[in-house]
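Student: So here's work27.txt, just compact mmCIF, C-alpha atoms:
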# COMPACT_ATOMS: atom_id res chain seq x y z
CA MET A 570 -16.76 1.94 -14.41
CA ILE A 571 -17.82 2.49 -10.81
CA LEU A 572 -15.21 -0.05 -9.78
CA LEU A 573 -12.53 1.75 -11.78
CA LEU A 574 -13.27 5.07 -10.12
CA LYS A 575 -13.44 3.35 -6.74
CA GLN A 576 -10.01 1.85 -7.29
CA HIS A 577 -8.66 5.22 -8.34
CA LYS A 578 -10.03 6.92 -5.21
CA LEU A 579 -8.76 4.07 -3.09
CA ARG A 580 -5.29 4.53 -4.53
CA LYS A 581 -5.24 8.22 -3.57
CA GLN A 582 -6.52 7.56 -0.07
CA PHE A 583 -4.11 4.71 0.41
CA GLU A 584 -1.17 6.95 -0.44
CA SER A 585 -2.19 9.35 2.33
CA LEU A 586 -2.44 6.47 4.82
CA ARG A 587 0.73 4.74 3.67
CA PRO A 588 3.14 6.32 6.23
CA GLN A 589 0.85 5.33 9.08
CA LEU A 590 0.44 1.81 7.74
CA TYR A 591 4.19 1.49 7.37
CA ARG A 592 4.81 2.59 10.98
CA ILE A 593 2.33 -0.01 12.22
CA ALA A 594 3.72 -2.74 9.96
CA TRP A 595 7.22 -1.97 11.14
CA SER A 596 6.13 -2.13 14.78
CA TRP A 597 4.83 -5.64 14.08
CA CYS A 598 7.86 -7.06 12.37
CA HIS A 599 10.73 -4.63 13.10
CA ASN A 600 12.14 -5.20 9.65
CA ALA A 601 11.97 -2.34 7.15
CA ASP A 602 11.91 -4.48 4.00
CA LEU A 603 9.29 -6.85 5.34
CA ALA A 604 7.19 -3.94 6.56
CA GLU A 605 7.36 -2.35 3.11
CA ASP A 606 6.37 -5.64 1.49
CA LEU A 607 3.48 -5.99 3.90
CA VAL A 608 2.20 -2.52 3.10
CA GLN A 609 2.58 -3.06 -0.65
CA GLU A 610 0.81 -6.42 -0.47
CA THR A 611 -1.98 -4.76 1.52
CA TYR A 612 -2.31 -2.17 -1.23
CA LEU A 613 -2.56 -4.77 -3.99
CA ARG A 614 -5.03 -6.87 -2.04
CA ALA A 615 -7.14 -3.79 -1.28
CA LEU A 616 -7.28 -2.89 -4.99
CA GLU A 617 -8.40 -6.41 -5.83
CA LYS A 618 -11.13 -6.26 -3.21
CA ALA A 619 -12.13 -2.63 -3.75
CA ALA A 620 -15.70 -3.66 -4.54
CA GLN A 621 -16.08 -5.03 -1.01
CA LEU A 622 -15.53 -1.65 0.65
CA LYS A 623 -19.04 -0.28 1.01
CA GLU A 624 -18.40 2.76 3.22
CA VAL A 625 -15.40 4.97 2.67
CA GLU A 626 -15.40 5.89 6.40
CA LYS A 627 -14.45 2.31 7.13
CA LEU A 628 -11.34 2.48 4.95
CA LYS A 629 -8.79 2.54 7.79
CA PRO A 630 -10.09 -0.47 9.71
CA TRP A 631 -10.71 -2.29 6.43
CA LEU A 632 -7.12 -1.79 5.30
CA MET A 633 -5.88 -2.81 8.73
CA ARG A 634 -7.91 -5.99 8.61
CA ILE A 635 -6.28 -6.86 5.31
CA MET A 636 -2.82 -6.08 6.66
CA SER A 637 -3.43 -8.01 9.87
CA ASN A 638 -4.59 -11.08 7.95
CA LEU A 639 -1.61 -10.88 5.63
CA HIS A 640 0.72 -10.55 8.58
CA THR A 641 -0.82 -13.56 10.30
CA ASP A 642 -0.58 -15.63 7.12
CA CYS A 643 3.04 -14.67 6.71
CA LEU A 644 3.93 -15.56 10.29
CA ARG A 645 2.18 -18.88 9.97
CA ARG A 646 3.59 -19.72 6.58
CA ARG A 647 7.14 -18.56 6.39
CA GLN A 648 8.34 -17.51 9.84
CA GLU A 649 10.68 -15.09 8.11
CA PHE A 650 10.18 -12.19 10.45
CA VAL A 651 13.04 -11.15 12.60
CA ASP A 652 12.93 -12.78 15.97
CA LEU A 653 11.99 -9.72 17.95
CA GLN A 654 13.92 -10.99 20.94
CA ASP A 655 17.06 -10.38 18.86
CA LEU A 656 16.47 -6.68 19.28
CA GLU A 657 17.75 -6.95 22.80
CA LEU A 658 20.89 -8.70 21.60
CA GLU A 659 21.47 -5.94 19.06
CA ALA A 660 21.23 -3.34 21.80
CA GLU A 661 23.71 -5.17 23.99
CA SER A 662 26.26 -5.39 21.22
CA ALA A 663 26.26 -1.65 20.55
CA GLU A 664 28.57 0.63 22.43
CA PRO A 665 26.48 2.83 24.72
CA CYS A 666 28.39 5.93 23.76
CA GLU A 667 27.40 5.44 20.09
CA HIS A 668 23.82 6.40 20.80
CA THR A 669 22.21 9.40 22.37
CA GLU A 670 20.14 8.94 25.48
CA GLN A 671 17.01 9.55 23.43
CA GLN A 672 17.95 6.85 20.93
CA ASN A 673 18.61 4.48 23.81
CA ALA A 674 15.22 5.28 25.29
CA ILE A 675 13.52 4.67 21.96
CA HIS A 676 15.34 1.39 21.62
CA ARG A 677 14.28 0.29 25.10
CA VAL A 678 10.64 1.00 24.32
CA ARG A 679 10.85 -0.92 21.04
CA CYS A 680 12.46 -3.89 22.81
CA ALA A 681 9.72 -3.85 25.41
CA VAL A 682 6.98 -3.71 22.75
CA ALA A 683 8.68 -6.61 20.98
CA LYS A 684 8.31 -8.70 24.13
CA LEU A 685 4.53 -8.39 24.18
CA ASN A 686 2.59 -11.27 22.73
CA GLU A 687 1.24 -10.81 19.21
CA ASP A 688 -2.36 -10.07 20.27
CA GLN A 689 -1.36 -7.41 22.76
CA ARG A 690 1.19 -5.83 20.42
CA GLN A 691 -1.33 -5.51 17.60
CA VAL A 692 -3.93 -3.77 19.73
CA LEU A 693 -1.41 -1.49 21.41
CA THR A 694 0.23 -0.40 18.15
CA LEU A 695 -3.07 0.23 16.42
CA VAL A 696 -4.22 2.51 19.24
CA ASP A 697 -0.95 4.26 20.11
CA ILE A 698 0.76 4.41 16.71
CA GLY A 699 -2.20 4.24 14.36
CA GLY A 700 -4.52 6.42 16.41
CA PHE A 701 -7.37 3.95 15.96
CA THR A 702 -10.39 4.18 18.21
CA TYR A 703 -11.39 1.05 20.10
CA ALA A 704 -14.30 0.58 17.70
CA GLU A 705 -11.96 0.76 14.71
CA VAL A 706 -9.56 -1.73 16.28
CA ALA A 707 -12.48 -4.06 17.01
CA GLU A 708 -13.56 -3.84 13.40
CA ALA A 709 -10.06 -4.23 12.00
CA LEU A 710 -9.19 -7.27 14.11
CA GLU A 711 -12.74 -8.65 14.16
CA LEU A 712 -12.89 -8.68 17.94
CA PRO A 713 -15.46 -7.55 20.49
CA ILE A 714 -14.67 -4.11 21.93
CA GLY A 715 -14.37 -5.67 25.39
CA THR A 716 -11.57 -7.90 24.16
CA VAL A 717 -9.79 -4.92 22.63
CA MET A 718 -9.95 -3.06 25.93
CA SER A 719 -8.74 -5.96 28.02
CA ARG A 720 -5.84 -6.71 25.66
CA LEU A 721 -4.85 -3.06 25.68
CA CYS A 722 -4.96 -2.94 29.47
CA ARG A 723 -2.78 -6.02 29.76
CA ALA A 724 -0.40 -4.73 27.10
CA ARG A 725 0.18 -1.41 28.83
CA LYS A 726 0.49 -3.08 32.22
CA ARG A 727 3.13 -5.45 30.89
CA LEU A 728 4.88 -2.65 29.07
CA LYS A 729 5.01 -0.57 32.23
CA GLY A 730 6.54 -3.50 34.08
CA LEU A 731 9.14 -4.15 31.38
CA LEU A 732 10.18 -0.50 31.14
CA GLN A 733 10.38 -0.24 34.92
CA LYS A 734 12.57 -3.34 35.02
CA GLN A 735 14.86 -1.90 32.34
CA VAL A 736 15.29 1.29 34.34
CA GLN A 737 16.15 -0.69 37.45
CA GLU A 738 18.66 -2.85 35.61
CA ARG A 739 20.50 0.01 33.95
CA PRO A 740 23.84 0.83 35.56
CA LYS A 741 23.42 3.89 37.67
CA LEU A 742 25.54 6.91 36.76
CA ARG A 743 27.77 8.01 39.57
CA ARG A 744 29.04 11.49 39.89
CA VAL A 745 32.82 11.54 39.86
CA LYS A 746 34.33 14.15 42.10
CA MET B 724 -18.18 4.99 24.65
CA ASN B 725 -21.30 4.68 26.79
CA ARG B 726 -21.24 3.93 30.47
CA ASN B 727 -23.94 3.90 33.11
CA GLN B 728 -23.80 6.62 35.71
CA HIS B 729 -22.06 4.59 38.37
CA TRP B 730 -18.42 5.11 37.47
CA ASP B 731 -15.49 3.11 38.63
CA LEU B 732 -11.89 4.05 38.06
CA SER B 733 -10.88 0.60 36.87
CA SER B 734 -7.85 -0.09 34.75
CA GLU B 735 -10.04 -0.23 31.64
CA THR B 736 -11.67 3.09 32.49
CA LEU B 737 -8.32 4.77 32.97
CA ASN B 738 -6.98 3.40 29.71
CA ALA B 739 -10.09 4.55 27.88
CA LEU B 740 -9.60 8.02 29.39
CA VAL B 741 -6.03 8.11 28.17
CA ASP B 742 -7.25 7.15 24.68
CA ASN B 743 -9.95 9.80 24.65
CA GLU B 744 -12.70 7.27 24.25
CA TYR B 745 -15.22 9.13 26.40
CA PRO B 746 -17.46 11.95 25.20
CA ALA B 747 -16.85 15.34 26.86
CA ALA B 748 -19.53 15.11 29.55
CA GLU B 749 -18.49 11.68 30.78
CA LYS B 750 -14.83 12.62 30.64
CA ALA B 751 -15.50 15.66 32.83
CA GLU B 752 -17.24 13.48 35.41
CA LEU B 753 -14.38 11.03 35.50
CA MET B 754 -11.78 13.77 35.80
CA GLN B 755 -13.73 15.14 38.77
CA MET B 756 -13.59 11.72 40.44
CA LEU B 757 -9.86 11.54 39.83
CA LEU B 758 -9.34 14.70 41.86
CA ASP B 759 -10.33 12.68 44.93
CA ASP B 760 -8.36 9.57 44.05
CA GLU B 761 -4.63 10.11 44.20
CA ALA B 762 -3.70 6.54 43.32
CA ALA B 763 -5.92 6.53 40.22
CA SER B 764 -4.56 9.95 39.16
CA ALA B 765 -1.01 8.68 39.44
CA GLU B 766 -1.90 5.58 37.43
CA LEU B 767 -3.52 7.76 34.75
CA CYS B 768 -0.30 9.76 34.43
CA ARG B 769 1.76 6.59 34.16
CA LEU B 770 -0.50 5.22 31.43
CA GLN B 771 -0.34 8.51 29.56
CA ARG B 772 3.44 8.43 29.73
CA VAL B 773 3.56 4.86 28.40
CA LYS B 774 1.30 5.83 25.50
CA GLU B 775 3.50 8.80 24.62
CA MET B 776 6.64 6.69 24.81
CA VAL B 777 5.22 4.13 22.39
CA LYS B 778 4.06 6.84 20.02
CA THR B 779 7.46 8.54 20.07
CA ALA B 780 9.39 5.29 19.67
CA TYR B 781 7.67 4.57 16.37
CA GLU B 782 7.39 8.05 14.90
CA GLN B 783 10.40 7.55 12.67
CA PRO B 784 10.92 3.91 11.84
CA PRO B 785 13.85 3.01 9.56
CA VAL B 786 13.09 3.18 5.85
CA PRO B 787 13.56 0.13 3.61
CA GLN B 788 16.74 -0.02 1.56
CA PRO B 789 16.20 0.59 -2.16
CA LYS B 790 16.21 -2.68 -4.10
CA GLN B 791 19.41 -3.32 -6.07
CA GLY B 792 19.30 -2.78 -9.79
CA ARG B 793 16.28 -0.56 -9.72
CA GLU B 794 16.61 3.18 -10.28
CA THR B 795 14.18 5.65 -8.83
CA SER B 796 10.99 6.02 -10.80
CA SER B 797 11.46 9.61 -11.87
CA LYS B 798 15.05 9.08 -12.97
CA ARG B 799 14.11 5.94 -14.83
CA ASN B 800 11.28 7.72 -16.60
CA ARG B 801 13.65 10.42 -17.78
CA VAL B 802 16.13 7.85 -19.09
CA VAL B 803 13.41 5.90 -20.83
CA ALA B 804 11.95 9.02 -22.38
CA ALA B 805 15.37 10.02 -23.70
CA VAL B 806 15.98 6.56 -25.16
CA SER B 807 12.52 6.54 -26.71
CA MET B 808 12.95 9.88 -28.37
CA LEU B 809 16.39 8.91 -29.60
CA LEU B 810 15.05 5.66 -31.00
CA VAL B 811 12.21 7.40 -32.78
CA GLY B 812 14.60 10.03 -34.10
CA VAL B 813 17.01 7.44 -35.43
CA MET B 814 14.22 5.46 -37.04
CA ALA B 815 12.79 8.57 -38.66
CA PHE B 816 16.21 9.49 -40.06
CA PHE B 817 17.18 6.15 -41.45
CA LEU B 818 13.74 4.89 -42.34
CA PRO B 819 11.85 7.94 -43.60
CA GLY B 820 9.18 5.79 -45.11
CA LEU B 821 8.35 4.10 -41.82
CA PHE B 822 5.91 6.66 -40.60
CA ASN B 823 4.41 7.18 -43.99
CA GLN B 824 3.33 3.61 -44.51
CA PRO B 825 -0.28 2.90 -45.31
CA ALA B 826 -2.25 2.69 -42.08
CA THR B 827 -3.17 -0.95 -42.61
CA GLU B 828 0.47 -2.05 -42.54
CA ARG B 829 1.94 0.17 -39.84
CA PHE B 830 3.55 -1.50 -36.88
CA VAL B 831 5.17 0.61 -34.22
CA LEU B 832 7.62 -1.28 -32.14
CA LEU B 833 7.93 -0.31 -28.53
CA ASP B 834 11.44 0.25 -27.28
CA PRO B 835 12.86 -2.35 -24.88
CA ASP B 836 11.43 -0.52 -21.91
CA GLY B 837 8.03 -0.48 -23.47
CA ARG B 838 7.52 3.23 -23.93
CA GLY B 839 7.06 3.38 -27.66
CA ALA B 840 6.57 6.44 -29.77
CA HIS B 841 4.63 8.12 -27.01
CA PRO B 842 6.66 7.65 -23.87
CA ALA B 843 4.34 7.18 -20.94
CA VAL B 844 6.41 9.37 -18.68
CA ALA B 845 4.61 9.77 -15.44
CA GLU B 846 3.67 13.37 -14.88
CA ASP B 847 2.66 14.78 -11.57
CA GLN B 848 -0.80 13.68 -10.54
CA GLU B 849 -1.22 11.50 -13.61
CA VAL B 850 -3.28 8.40 -13.06
CA ARG B 851 -1.98 5.41 -14.98
CA ILE B 852 -4.12 2.35 -15.62
CA VAL B 853 -3.19 -0.80 -17.50
CA PHE B 854 -5.98 -3.10 -18.66
CA HIS B 855 -4.91 -6.68 -19.21
CA VAL B 856 -7.06 -8.49 -21.77
CA ALA B 857 -6.29 -12.19 -21.71
CA SER B 858 -9.59 -13.51 -22.96
CA THR B 859 -12.36 -11.88 -24.86
CA THR B 860 -15.72 -12.35 -26.39
CA ARG B 861 -17.47 -10.02 -28.73
CA ALA B 862 -19.56 -8.66 -25.89
CA ARG B 863 -16.52 -8.07 -23.73
CA GLY B 864 -14.79 -6.13 -26.44
CA GLU B 865 -17.74 -3.73 -26.76
CA ASP B 866 -18.15 -3.38 -22.99
CA LEU B 867 -14.47 -2.88 -22.40
CA LEU B 868 -13.95 -0.19 -25.01
CA GLY B 869 -17.15 1.53 -23.95
CA GLU B 870 -16.00 1.65 -20.34
CA ILE B 871 -12.55 2.84 -21.30
CA GLN B 872 -14.03 5.62 -23.40
CA ALA B 873 -16.29 6.66 -20.51
CA LEU B 874 -13.29 6.69 -18.20
CA LEU B 875 -11.21 8.80 -20.60
CA GLU B 876 -14.07 11.22 -21.12
CA ASP B 877 -14.62 11.53 -17.40
CA TYR B 878 -11.01 12.50 -16.77
CA ARG B 879 -10.92 14.79 -19.76
CA SER B 880 -14.04 16.63 -18.63
CA ARG B 881 -12.51 17.17 -15.20
CA GLY B 882 -9.16 18.27 -16.63
CA GLU B 883 -7.35 15.46 -14.80
CA LYS B 884 -4.47 13.55 -16.31
CA LEU B 885 -4.96 9.92 -17.20
CA ARG B 886 -2.96 7.44 -19.20
CA VAL B 887 -4.48 4.12 -20.22
CA GLU B 888 -2.86 1.11 -21.82
CA VAL B 889 -4.74 -1.94 -23.04
CA VAL B 890 -2.46 -4.97 -23.20
CA ALA B 891 -3.78 -8.00 -25.05
CA ASN B 892 -2.31 -11.48 -24.99
CA GLY B 893 -3.56 -15.04 -25.39
CA GLU B 894 -7.18 -15.15 -26.48
CA GLY B 895 -7.40 -11.46 -25.71
CA LEU B 896 -5.25 -10.73 -28.75
CA ASP B 897 -8.37 -11.23 -30.89
CA LEU B 898 -9.31 -7.68 -29.94
CA LEU B 899 -6.31 -6.38 -31.86
CA ARG B 900 -6.23 -8.81 -34.81
CA GLU B 901 -7.08 -7.34 -38.19
CA LYS B 902 -9.13 -10.36 -39.27
CA LEU B 903 -10.84 -11.27 -36.00
CA SER B 904 -11.46 -8.02 -34.17
CA THR B 905 -15.09 -6.87 -34.13
CA GLN B 906 -14.06 -3.51 -32.71
CA LYS B 907 -11.78 -2.16 -35.42
CA GLN B 908 -13.88 0.91 -36.03
CA LYS B 909 -14.05 1.68 -32.34
CA LEU B 910 -10.33 1.08 -31.87
CA SER B 911 -9.55 3.51 -34.64
CA GLU B 912 -11.89 6.16 -33.27
CA LEU B 913 -10.53 5.87 -29.75
CA ALA B 914 -6.92 5.91 -30.90
CA GLN B 915 -7.55 9.13 -32.82
CA GLN B 916 -9.54 10.86 -30.10
CA TYR B 917 -7.34 9.95 -27.14
CA PRO B 918 -3.56 10.26 -27.51
CA ASN B 919 -3.27 9.11 -23.89
CA LEU B 920 -4.66 5.68 -24.85
CA THR B 921 -2.37 2.93 -26.13
CA PHE B 922 -3.17 -0.58 -27.36
CA VAL B 923 -0.39 -3.12 -26.91
CA ALA B 924 -0.21 -6.58 -28.49
CA CYS B 925 1.85 -9.48 -27.17
CA LEU B 926 4.41 -10.77 -29.67
CA ASN B 927 4.76 -14.04 -27.78
CA THR B 928 1.15 -14.81 -28.65
CA VAL B 929 1.72 -13.78 -32.26
CA LYS B 930 4.69 -16.13 -32.45
CA ARG B 931 2.84 -18.96 -30.76
CA LEU B 932 -0.02 -18.72 -33.23
CA ARG B 933 2.44 -18.86 -36.11
CA VAL B 934 4.30 -21.86 -34.72
CA GLU B 935 1.37 -23.87 -33.40
CA GLN B 936 -1.34 -23.04 -35.86
CA GLY B 937 0.51 -21.72 -38.87
CA VAL B 938 -1.41 -18.46 -38.59
CA ILE B 939 0.28 -15.25 -39.71
CA VAL B 940 -1.25 -12.65 -37.46
CA LYS B 941 -1.80 -9.17 -38.77
CA LEU B 942 -2.56 -6.61 -36.11
CA VAL B 943 -4.74 -3.56 -36.42
CA PRO B 944 -2.73 -0.43 -37.21
CA GLU B 945 -3.46 1.10 -33.83
CA ALA B 946 -1.67 -1.69 -31.98
CA GLU B 947 1.79 -1.28 -30.61
CA THR B 948 3.71 -4.44 -29.68
CA THR B 949 5.71 -5.80 -26.82
CA ALA B 950 7.75 -8.99 -26.55
CA SER B 951 5.70 -10.42 -23.67
CA GLY B 952 2.32 -9.12 -22.60
CA VAL B 953 2.59 -10.69 -19.15
CA ALA B 954 6.04 -9.26 -18.51
CA TYR B 955 4.78 -5.89 -19.68
CA VAL B 956 1.83 -5.75 -17.23
CA VAL B 957 4.02 -7.01 -14.39
CA LYS B 958 6.48 -4.21 -15.12
CA ARG B 959 3.68 -1.67 -15.16
CA GLN B 960 2.45 -2.91 -11.78
CA GLN B 961 5.94 -2.58 -10.38
CA GLU B 962 6.01 0.96 -11.71
CA GLY B 963 2.89 1.73 -9.78
CA TRP B 964 0.23 1.54 -12.48
CA ILE B 965 -3.28 0.50 -11.52
CA TYR B 966 -3.73 -3.02 -12.87
CA ILE B 967 -7.13 -4.26 -14.03
CA GLN B 968 -7.55 -7.71 -15.49
CA VAL B 969 -10.46 -8.01 -17.91
Any chance you could give the structure as structure tokens?

Tutor:
Amino acid sequence: MILLLKQHKLRKQFESLRPQLYRIAWSWCHNADLAEDLVQETYLRALEKAAQLKEVEKLKPWLMRIMSNLHTDCLRRRQEFVDLQDLELEAESAEPCEHTEQQNAIHRVRCAVAKLNEDQRQVLTLVDIGGFTYAEVAEALELPIGTVMSRLCRARKRLKGLLQKQVQERPKLRRVK
Amino acid sequence: MNRNQHWDLSSETLNALVDNEYPAAEKAELMQMLLDDEAASAELCRLQRVKEMVKTAYEQPPVPQPKQGRETSSKRNRVVAAVSMLLVGVMAFFLPGLFNQPATERFVLLDPDGRGAHPAVAEDQEVRIVFHVASTTRARGEDLLGEIQALLEDYRSRGEKLRVEVVANGEGLDLLREKLSTQKQKLSELAQQYPNLTFVACLNTVKRLRVEQGVIVKLVPEAETTASGVAYVVKRQQEGWIYIQV
């Protein structure tokens, strides 16, 4: 009975966290269908393991741990995720005038994030997109806080470098008299 | 985040500042130090900008495409409800005796979409739980029905909507068999008290028992039927019901 009510409460809380989980999942795999499957699978797994969640305050990192493990298993097992490097190819094939400057900027950031290694991307997206504290990230990914901080530092440093390089490589607009 | 009093404006410190990891007092001290360190201030701004860019870039990710062949839940529910009511209406017209049969012989067939005489149309805020009973002992039957009753009472007392289905297949079908069930009295009481509770028996199991063991299964009058218990619970899960295997 307690488990039933726990599962019911979990379901309600999960629904409120779903958009955030989806954004994070999408930032990991850059494929909407796969991200949706990952979130749904996380939900089902969380319901199965509802009895393991002892403190409701730990729900977010607990769900993220489940999603992270599922994501890792998927990468290891099926290798079905979009090769994130292909994002750059997609951008090159589009006509620049088809997108607004803002859309282009968003695309550049996403391409840069895609170029981070998996460890750095996970930490960065959990903090910047998910709003996780370092302690929550450490709990979710089962890492020491120090490791979380160093990965985040390296991620942002690399990201800065990649975005700077993109700006330098863009063709400069020239004013036509 | 706790630090000793000797601060340094390292890369990790600056990142932690950007992420609001420091309590107010420590943050104030660090901000004071930044006033005297132009390079660190500039780096802090750059890190803040990177964080904002990442956040903005993922604020509106693309949504997944709807799967082919599957209508939206609310539309599907309305269609199913309409079909159910039509089916019941037709049956009542052409078979007036159907609903007047003695209780011990009444079978109510669910329509192909499994909604039956009482369409389980999802209402707003309604919690829907499907219990899957695939094996059972006498003790389990008592525990299960007791827990379900407690759950129904709990929701009723709080005025919250709940719909429960108990789907039995395999050995679990014993719960709903006229000759073998030890919970017939309880099933009858619960079915009368809670119109939001449905018992569903798997016809595949009924058929298998007839073919393999020559047993003609008679179900309790409270049981509705579905072609395949497993397919039924899978469909419920896809529809978003909470699934609990007993």

Student: Go through B:Glu752, B:Glu883, B:Glu876, B:Glu744 one by one, measure the shortest atom-to-atom distance of each to Gln916 of chain B using only C-alpha atoms, and give the residue with the smallest value.

Tutor: B:Glu876

Student: Which residues of chain B are close to chain A, meaning at most 9 Å apart when you count all atoms listed in the file, and how do they look as a JSON list (two decimals) with C-alpha atoms, in the coordinates of the input?

Tutor:
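Output saved as out-v2.json:
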[["chain", "number", "residue", "atom", "x", "y", "z"],
["B", 734, "SER", "CA", -7.85, -0.09, 34.75],
["B", 735, "GLU", "CA", -10.04, -0.23, 31.64],
["B", 738, "ASN", "CA", -6.98, 3.40, 29.71],
["B", 739, "ALA", "CA", -10.09, 4.55, 27.88],
["B", 742, "ASP", "CA", -7.25, 7.15, 24.68],
["B", 743, "ASN", "CA", -9.95, 9.80, 24.65],
["B", 744, "GLU", "CA", -12.70, 7.27, 24.25],
["B", 769, "ARG", "CA", 1.76, 6.59, 34.16],
["B", 770, "LEU", "CA", -0.50, 5.22, 31.43],
["B", 773, "VAL", "CA", 3.56, 4.86, 28.40],
["B", 774, "LYS", "CA", 1.30, 5.83, 25.50],
["B", 775, "GLU", "CA", 3.50, 8.80, 24.62],
["B", 776, "MET", "CA", 6.64, 6.69, 24.81],
["B", 777, "VAL", "CA", 5.22, 4.13, 22.39],
["B", 778, "LYS", "CA", 4.06, 6.84, 20.02],
["B", 779, "THR", "CA", 7.46, 8.54, 20.07],
["B", 780, "ALA", "CA", 9.39, 5.29, 19.67],
["B", 781, "TYR", "CA", 7.67, 4.57, 16.37],
["B", 782, "GLU", "CA", 7.39, 8.05, 14.90],
["B", 783, "GLN", "CA", 10.40, 7.55, 12.67],
["B", 784, "PRO", "CA", 10.92, 3.91, 11.84],
["B", 785, "PRO", "CA", 13.85, 3.01, 9.56],
["B", 786, "VAL", "CA", 13.09, 3.18, 5.85],
["B", 787, "PRO", "CA", 13.56, 0.13, 3.61],
["B", 788, "GLN", "CA", 16.74, -0.02, 1.56],
["B", 850, "VAL", "CA", -3.28, 8.40, -13.06],
["B", 870, "GLU", "CA", -16.00, 1.65, -20.34],
["B", 871, "ILE", "CA", -12.55, 2.84, -21.30],
["B", 873, "ALA", "CA", -16.29, 6.66, -20.51],
["B", 874, "LEU", "CA", -13.29, 6.69, -18.20],
["B", 965, "ILE", "CA", -3.28, 0.50, -11.52],
["B", 966, "TYR", "CA", -3.73, -3.02, -12.87],
["B", 967, "ILE", "CA", -7.13, -4.26, -14.03]]

Student: Identify which of the residues B:Ala950, B:Val956, B:Leu758, B:Val969 lies closest to Thr928 of chain B, counting only C-alpha atoms when measuring atom-to-atom distances.

Tutor: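 The shortest atom-to-atom distance to Thr928 of chain B comes from B:Ala950.
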
Student: Just how far from atom CA of Leu622 of chain A is atom CA of Leu607 of chain A, in Å to one decimal?

Tutor: 19.8 Å

Student: Skip segment 633-647 of chain A itself and residues of its chain fewer than 4 positions away, then list as a PDB file with C-alpha atoms, keeping the file's coordinate frame all residues within 9 Å of it, counting all atoms listed in the file.

Tutor:
ATOM      1  CA  LEU A 590       0.440   1.810   7.740  1.00  0.00           C
ATOM      2  CA  ALA A 594       3.720  -2.740   9.960  1.00  0.00           C
ATOM      3  CA  TRP A 597       4.830  -5.640  14.080  1.00  0.00           C
ATOM      4  CA  CYS A 598       7.860  -7.060  12.370  1.00  0.00           C
ATOM      5  CA  LEU A 607       3.480  -5.990   3.900  1.00  0.00           C
ATOM      6  CA  VAL A 608       2.200  -2.520   3.100  1.00  0.00           C
ATOM      7  CA  GLU A 610       0.810  -6.420  -0.470  1.00  0.00           C
ATOM      8  CA  THR A 611      -1.980  -4.760   1.520  1.00  0.00           C
ATOM      9  CA  TYR A 612      -2.310  -2.170  -1.230  1.00  0.00           C
ATOM     10  CA  ARG A 614      -5.030  -6.870  -2.040  1.00  0.00           C
ATOM     11  CA  ALA A 615      -7.140  -3.790  -1.280  1.00  0.00           C
ATOM     12  CA  LEU A 628     -11.340   2.480   4.950  1.00  0.00           C
ATOM     13  CA  LYS A 629      -8.790   2.540   7.790  1.00  0.00           C
ATOM     14  CA  GLN A 691      -1.330  -5.510  17.600  1.00  0.00           C
ATOM     15  CA  LEU A 695      -3.070   0.230  16.420  1.00  0.00           C
ATOM     16  CA  VAL A 706      -9.560  -1.730  16.280  1.00  0.00           C
ATOM     17  CA  GLU A 708     -13.560  -3.840  13.400  1.00  0.00           C
ATOM     18  CA  ALA A 709     -10.060  -4.230  12.000  1.00  0.00           C
ATOM     19  CA  LEU A 710      -9.190  -7.270  14.110  1.00  0.00           C
ATOM     20  CA  GLU A 711     -12.740  -8.650  14.160  1.00  0.00           C
TER      21      GLU A 711
END

Student: Just how far from atom CA of Gln771 of chain B is atom CA of Cys680 of chain A, in Å to one decimal?

Tutor: 19.1 Å

Student: For a test of reading the model, state the distance in Å between atom CA of Phe922 of chain B and atom CA of Phe583 of chain A, rounded to one decimal.

Tutor: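 Atom-to-atom, atom CA of Phe922 of chain B to atom CA of Phe583 of chain A, that is 28.3 Å.
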
Student: Out of B:Arg772, B:Arg959, B:Arg886, B:His855, which residue has the shortest atom-to-atom distance to Leu920 of chain B when counting all atoms listed in the file?

Tutor: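 Using all atoms listed in the file, the shortest distance to Leu920 of chain B belongs to B:Arg886.
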
Student: So which residues touch Val957 of chain B within 12 Å, counting all atoms listed in the file, skipping near sequence neighbours fewer than 3 positions away, as an MDAnalysis selection string?

Tutor: chainID B and resid 837 853:855 890 951:954 960:968

Student: For a cut-off of 9 Å around (-6.3, -9.1, -33.9), file coordinates, pick out all residues using all atoms listed in the file and list them as a list in words.

Tutor: Gly895, Leu896, Asp897, Leu898, Leu899, Arg900, Glu901, Lys902, Leu903, Ser904, Lys907, Ala924, Val940, Lys941, Leu942, Val943 and Ala946 of chain B

Student: Please determine, counting all atoms listed in the file, which residue among A:Leu579, A:Gly730, A:Ser585, A:Ala724 has the shortest atom-to-atom distance to Lys627 of chain A.

Tutor: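 Under the stated criterion, the closest residue is A:Leu579.
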
Student: Output, as lines of an AutoDock Vina configuration file, the centre and edge lengths in Å (one decimal) of the axis-aligned box that contains all listed atoms of segment 900-919 of chain B with 5 Å of margin on each side.

Tutor:
center_x = -9.2
center_y = -0.2
center_z = -31.6
size_x = 21.8
size_y = 32.1
size_z = 25.4
